[in-house]
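Notes to accompany the following structure.
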Amino acid sequence: MIYIVKENRTYDQILGDLGKGNGDPSIVVYPQPVTPNLHALANNFVDLDNFYDSGEVSGDGWNWSTSARAADTVEKTEPINYAGRGLNYDYEGTNRNANVGFATPRNALTPFRPTTTLPLQVAANLLLGTADVSAPDSPEGDAGAGYLWDSALRAGLNVRNYGFFIDLAPYRVPLNVGGIPNTIRDPFASNTPVSTATKGALMPVTDVYFRGFDDSFSGFLSRE
């Protein structure tokens with residue numbers, strides 16, 4: 001199974017010109033020449049033209065997409081965060097801008113320095129831990145282990161992660177404090193990790209050469 005999530009666009013805005021499915025070509029915004037990868041996937045695999053996600057924004061949308069629910073903390077803090085009135089984006093594996101996939105600061109040294117948007121003197125003394133205030137519990141009650149990949153791993157299935165729940169801080173901080181430049185076109189060739197997961201369960205199965213969400217890095221470069 002290959003599960004791909006693309007947000008912030010309606011079906012018709014991208015795949016309305018697909019030629020099949022319940023699409024309206026008159027309202028396409030990003031046609032096939034602009035989104036060749038998405039069109040190829042829909043043509044070669046399956047076209048889900050009536051798939052709906054209960055998420056309203058990225059914060060709860062990612063949780064609905066990966067665990068079929070959003071925690072109470074997500075629903076209550078998301079409007080405040082999106083309104084720019086405080087609180088942090090604690091919805092994709094970071095809490096207060098710290099990657100909670102790392103158990104200790106020492107773990108965070110590999111593969112990256114402990115990069116957060118906190119002041120350096122604070123980050124240096126940060127006890128990271130793996131508890132995530134927004135993570136759903138599993139059906140069996142395991143704390144924070146209610147995501148799709150947790151279920152797959154518990155079932156003994158093989159999992160590979162490309163871009164889900166990635167620590168984005170290295171894309172937004174200066175290079176001298178652990179930032180990752182947006183000029184690396186082929187990180188695998190230079191053996192340069194450009195991605196680290198925010199979940200302990202995802203770290204061993206995440207492709208460290210597949211860049212996460214980064215507005216400064218063109219999607220056309222990813223296509224190459």
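Ligands are numbered from 1 in the order shown, chains are lettered A, B, ... in the order of the structure tokens, and residues start at 1 in each chain.
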Quick one: residues within 12 Å of Ala131 in chain A, only C-alpha atoms counted, chain neighbours fewer than 5 positions away excluded, as a PyMOL selection string? chain A and resi 90+93-95+98-104+136-137+142-145+198-200
Env of Ser138 in chain A: 12 Å cut, atoms = only C-alpha atoms, seq-sep filter 6 positions within chain, self excluded. Answer as a count of residues only. 13
For CA of Arg96 in chain A and CA of Phe213 in chain A, quote the distance in Å rounded to one decimal.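 Atom-to-atom, CA of Arg96 in chain A and CA of Phe213 in chain A are spaced 18.5 Å apart.
Relative to CA of Leu168 in chain A, CA of Gly84 in chain A is found at 18.9 Å.
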